[in-house]
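Let me begin by presenting the structure, written as structure tokens, before commenting on it.
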Amino acid sequence: MAVGSALRTIYPFSSTFGPLVPPTPPHLKTINMSTIDVYEFAPSADTFRLERKHRTSQPLGPHEVRVDVTAVSLNYRDHIALNNLAKRPVGGKIPCSDGAGVVAEVGSDVKLWKAGDRVMGSFFATWRDGPFLMKYHQHDLGGTVDGMLAKSVTLAETALVATPGYLTDIEASTLPCAGLTAYQALFVRGGLASGQSVLCLGTGGVSVFALQLAHAAGAQVYVTSSSDEKLTRAKGMGAVATINYRTHPEWQKAVFEATSQRGVDHVVEVGGPGTFEKSMQSVTAGGHIALIGVLTGFGPPAASLFPLVAKNVRLNGIYVGSQAMFQEMNRFLEEYQIHPVVDRVFPYHEAPRAFEHLASGNHFGKVVIDVATSE
Ligand SMILES: NC(=O)c1ccc[n+]([C@@H]2O[C@H](COP(=O)([O-])OP(=O)(O)OC[C@H]3O[C@@H](n4cnc5c(N)ncnc54)[C@H](OP(=O)(O)O)[C@@H]3O)[C@@H](O)[C@H]2O)c1
């Protein structure tokens with residue numbers, strides 16, 4: 001089957017609530033034409049706003065699965081999309097890559113799932129295993145194709161991963177992007193070993209996952225934050241040293257001192273151009289920088305890249321991960337009984353407020369929308 005047809009996610013026809021849904025023609029009366037409650041990115045001047053809509057439901061294709069979504073978590077990427085910071089044409093798309101739910105119905109040829117199975121969406125719906133291929137960008141949920149911020153979604157059976165039994169759906173909804181990105185960065189590409197040191201920048205979703213995963217693996221974790229209160233929480237979760245990057249703008253020196261002038265083995269680099277120079281100064285000779293984020297913008301780093309050469313540093317670009325990595329991460333999470341850190345849960349009808357909370361930067365860990373709420 002062609003990938004395009006396998007990924008016919010939620011169907012393109014949409015209408016606003018209520019009376020605009022056209023009457024069903026008599027010859028279509030036998031087809032299930034109920035509606036699905038979704039959010040969409042709606043164009044608004046130079047950015048987008050969240051608009052709640054009803055779309056018409058369609059019968060499932062033979063390899064499709066309908067999932068009743070129960071929880072969706074937000075990533076900085078969703079803030080980027082809403083505010084058009086990366087100029088992506090997401091208008092009319094359903095936001096958010098990360099969601100969990102329950103299989104409600106399966107197509108006639110579906111082999112992998114049955115009604116009642118607990119599942120999560122896969123950020124790259126077609127990256128199942130092996131190395132990354134550029135074509136996977138055509139199927140990133142909540143970006144190029146519809147995402148998870150809806151009461152019900154239709155996905156290819158191969159675009160789902162089983163939810164670990166010990167996690168709630170609220171917790172599981174945080175795994176597909178933030179959790180997996182941290183996992184790929186540290187273990188798959190970083191080769192993190194027990195006793196090594198890891199520097200996590202800030203206390204957002206990816207960084208708090210990195211703290212949890214690295215600590216569980218026996219690493220020494222260093223955390224920066226703009227907030228002493230958040231740093232206290234990070235210490236409580238096992239960070240060996242913490243640095244306030246607001247009160248210590250030369251935080252890389254503090255990292256060097258805290259590591260007895262050695263530097264760290266791994267940097268989880270979520271800041272981008274504004275932090276990269278200091279990350280290069282924080283890493284040890286032969287160390288590893290996982291280049292992940294753009295919290296300080298999309299521009300080029302102002303710094304010379306020569307320290308990477310001089311220190312024989314490994315630099316890995318990281319983009320979330322495959323379903324095989326996702327499953328491997330879930331086994332790791334279960335083994336160590338790691339529970340994602342959920343900062344705050346918003347009801348479905350307050351999804352715009354959840355986006356505002358993420359944009360405020362006041363969160364520690366993940367911001368989640370409880371889609372199962374009735375309103
Ligand atoms: N490549 C990928 O696959 C991938 C996947 C996921 C995310 N990302 C990217 O990674 C970044 C983080 O994503 P996220 O979803 O974890 O974001 P998030 O949850 O929104 O994280 C926000 C936090 O980042 C910290 N922060 C902001 N500016 C900082 C700076 N200059 N230095 C250090 N920390 C800073 C702040 O922590 P404090 O409040 O503690 O200061 C802030 O609360 C984003 O750029 C995102 O686009 C990339």
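Residue numbering restarts at 1 for every chain of the structure tokens, chains are lettered A, B, ... in their displayed order, and ligands are numbered from 1 as they appear.
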
Exercise for the section: Considering only C-alpha atoms, return as a list in words whatever protein or nucleic-acid residues lie within 12 Å of Ala359 in chain A, sequence-local ones (same chain, fewer than 5 positions apart) excluded. Expected result: Leu74, Asn75, Tyr76, Arg77, Asp78, His79, Ile80, Ala81, Leu82, Asn83, Gly204, Leu295, Pro352, Arg353, Ala354 and Val367 of chain A

Practice task
Write out as a ChimeraX atom specification each polymer residue whose atoms come within 12 Å of Glu257 in chain A, counting only C-alpha atoms; drop sequence neighbours fewer than 5 positions from it.
Solution key: /A:222,241-243,250-252,262-264,281-282

Practice task
Step by step, measure atom-to-atom distances between ligand 1 and each residue using only C-alpha atoms and all ligand atoms, keep those at most 8 Å, then write them as a ChimeraX atom specification.
Solution key: /A:74-77,79-80,177-178,181-182,201-208,224-227,230-231,244-245,269-272,274-275,291-297,317-321,358-367

Take the selection from the previous step and output its residues with C-alpha atoms, as a compact mmCIF listing (two decimals), in the first residue's frame.
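New file out-v2.txt:
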```txt
# COMPACT_ATOMS: atom_id res chain seq x y z
CA LEU A 74 2.49 20.28 24.27
CA ASN A 75 5.98 20.79 22.97
CA TYR A 76 7.83 24.02 22.20
CA ARG A 77 7.40 22.95 18.56
CA HIS A 79 4.35 27.05 20.18
CA ILE A 80 6.63 27.56 17.15
CA CYS A 177 8.38 13.84 21.16
CA ALA A 178 10.00 15.13 24.37
CA THR A 181 14.14 13.09 21.79
CA ALA A 182 15.95 12.91 25.14
CA LEU A 201 19.83 23.23 29.75
CA GLY A 202 16.69 24.58 31.42
CA THR A 203 13.81 22.59 32.87
CA GLY A 204 11.41 22.25 29.93
CA GLY A 205 10.02 19.00 28.60
CA VAL A 206 13.09 17.56 26.86
CA SER A 207 15.52 18.63 29.58
CA VAL A 208 13.54 17.18 32.49
CA THR A 224 20.75 25.00 34.47
CA SER A 225 17.60 27.08 34.91
CA SER A 226 16.43 30.66 35.18
CA SER A 227 14.67 29.77 38.45
CA LYS A 230 13.08 24.88 39.61
CA LEU A 231 16.71 24.09 40.38
CA ASN A 244 21.04 29.59 37.60
CA TYR A 245 21.84 30.86 34.10
CA GLU A 269 21.65 21.35 23.71
CA VAL A 270 18.11 22.71 23.52
CA GLY A 271 19.01 26.41 23.45
CA GLY A 272 20.44 26.83 19.96
CA GLY A 274 22.28 31.70 22.08
CA THR A 275 23.68 28.83 24.16
CA LEU A 291 21.97 19.47 19.07
CA ILE A 292 18.24 19.54 19.61
CA GLY A 293 16.62 22.91 20.12
CA VAL A 294 16.05 26.48 19.10
CA LEU A 295 14.85 28.10 22.32
CA THR A 296 17.04 31.14 21.59
CA GLY A 297 16.11 31.34 17.91
CA GLY A 317 21.75 16.53 15.23
CA ILE A 318 18.75 14.90 16.86
CA TYR A 319 15.21 14.84 15.50
CA VAL A 320 12.90 12.91 17.85
CA GLY A 321 13.30 9.22 16.91
CA LEU A 358 3.83 26.73 27.68
CA ALA A 359 4.73 30.08 26.12
CA SER A 360 5.17 31.63 29.60
CA GLY A 361 8.08 29.30 30.33
CA ASN A 362 6.80 28.91 33.89
CA HIS A 363 6.42 25.16 33.55
CA PHE A 364 8.74 22.43 34.85
CA GLY A 365 8.47 19.36 32.63
CA LYS A 366 5.34 18.89 30.57
CA VAL A 367 2.08 20.73 29.93
```

Handout entry: Polymer residues at most 12 Å from Glu328 in chain A, only C-alpha atoms, same-chain spacing of 6 or more positions, as a PyMOL selection string
Key = chain A and resi 129+161-162+164+179-180+183-184+187-188+321-322+334-335

Practice task
Kindly indicate which residue among A:Leu167, A:Ala219, A:Val341, A:Leu305 lies nearest to Gly191 in chain A, using only C-alpha atoms for the distances.
Solution key: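 Among the listed residues, A:Ala219 lies closest to Gly191 in chain A.
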
Practice task
Considering only C-alpha atoms, state which residue in the set A:Phe306, A:Ser73, A:Gly91, A:Ala125 is at the smallest distance from Ala45 in chain A.
Solution key: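 Of the candidates, the smallest distance to Ala45 in chain A is held by A:Gly91.
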
Listing only residues of range 65-167 of chain A within 12 Å of range 55-58 of chain A, what is the closest atom pair and its distance in Å (to one decimal) for each, using only C-alpha atoms, sorted by chain and residue number ascending, as CSV?
```
residue,atom,partner,partner_atom,distance
A:Val65,CA,A:Gln58,CA,11.8
A:Arg66,CA,A:Ser57,CA,10.2
A:Gly92,CA,A:Arg55,CA,11.3
A:Lys93,CA,A:Arg55,CA,11.7
A:Ile94,CA,A:Arg55,CA,10.9
A:Gly107,CA,A:Gln58,CA,11.7
A:Ala150,CA,A:Arg55,CA,10.1
A:Lys151,CA,A:Arg55,CA,10.8
A:Ser152,CA,A:Ser57,CA,9.3
A:Val153,CA,A:Ser57,CA,9.5
A:Thr154,CA,A:Ser57,CA,9.3
```

Expected file: the selected residues, N, CA, C and O atoms, as a CSV table (one decimal), in the first residue's frame:
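Final output, again_11.csv:
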```
chain,number,residue,atom,x,y,z
A,65,VAL,N,-6.8,2.9,11.8
A,65,VAL,CA,-7.2,2.7,13.2
A,65,VAL,C,-7.8,4.0,13.7
A,65,VAL,O,-7.2,5.1,13.5
A,66,ARG,N,-9.0,4.0,14.3
A,66,ARG,CA,-9.5,5.2,14.9
A,66,ARG,C,-9.2,5.1,16.4
A,66,ARG,O,-9.5,4.1,17.1
A,92,GLY,N,-5.1,25.0,9.0
A,92,GLY,CA,-6.1,24.0,8.7
A,92,GLY,C,-5.7,22.6,9.3
A,92,GLY,O,-6.5,21.7,9.2
A,93,LYS,N,-4.4,22.5,9.8
A,93,LYS,CA,-4.0,21.2,10.3
A,93,LYS,C,-4.4,21.1,11.8
A,93,LYS,O,-4.5,22.1,12.5
A,94,ILE,N,-4.6,19.9,12.2
A,94,ILE,CA,-4.8,19.7,13.7
A,94,ILE,C,-3.4,19.7,14.4
A,94,ILE,O,-2.5,19.0,13.9
A,107,GLY,N,-9.7,-0.9,11.0
A,107,GLY,CA,-10.1,-1.3,9.6
A,107,GLY,C,-10.0,-2.8,9.4
A,107,GLY,O,-9.4,-3.5,10.2
A,150,ALA,N,-7.5,16.4,19.1
A,150,ALA,CA,-8.8,16.1,18.7
A,150,ALA,C,-9.4,15.1,19.6
A,150,ALA,O,-8.7,14.3,20.2
A,151,LYS,N,-10.7,15.0,19.6
A,151,LYS,CA,-11.3,13.9,20.4
A,151,LYS,C,-11.1,12.5,19.8
A,151,LYS,O,-11.1,11.5,20.5
A,152,SER,N,-10.9,12.5,18.5
A,152,SER,CA,-10.7,11.2,17.8
A,152,SER,C,-9.8,11.5,16.6
A,152,SER,O,-9.9,12.5,15.9
A,153,VAL,N,-8.9,10.5,16.3
A,153,VAL,CA,-8.0,10.7,15.2
A,153,VAL,C,-8.0,9.3,14.4
A,153,VAL,O,-8.2,8.3,15.0
A,154,THR,N,-7.7,9.4,13.1
A,154,THR,CA,-7.6,8.2,12.3
A,154,THR,C,-6.1,8.2,11.8
A,154,THR,O,-5.7,9.1,11.2
```

Practice task
For Ile170 in chain A, work out the shell of residues within 8 Å, counting only C-alpha atoms and skipping chain neighbours fewer than 2 positions away, then give it as a list in words.
Solution key: Thr70, Ala71, Val72, Ser73, Ala100, Thr168, Ala172, Ser173, Thr174, Val368, Ile369 and Asp370 of chain A

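DSSP secondary structure from the backbone places Thr70, Ala71, Val72, Ser73, Leu74, Asp98, Gly99, Ala100, Gly101, Val102, Val103, Ala104, Glu105, Val106, Arg118, Val119, Met120, Gly121, Phe124, Asp140, Leu141, Val145, Ala150, Ser152, Val153, Thr154, Leu155 and Ala156 of chain A of range 70-159 of chain A in strand (DSSP E or B).
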
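Across A:Val67, A:Ile338, A:Leu149, A:Leu60, the tightest approach to Ser97 in chain A is made by A:Leu149 when counting only C-alpha atoms.
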
Exercise for the section: Pull the alpha helix (DSSP H) assignments for range 39-285 of chain A out of DSSP run on the backbone, and list those residues as a ChimeraX atom specification. Expected result: /A:76-82,169-172,180-183,205-216,228-236,251-258,276-282

Exercise for the section: In Å, rounded to a single decimal, give me how far CA of Phe48 in chain A is from CA of Lys87 in chain A. Expected result: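 According to the coordinates, CA of Lys87 in chain A and CA of Phe48 in chain A are separated by 10.7 Å.
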
Exercise for the section: In Å, rounded to a single decimal, give me how far CA of Glu51 in chain A is from CA of Phe355 in chain A. Expected result: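 Going from CA of Phe355 in chain A over to CA of Glu51 in chain A, I get 12.8 Å.
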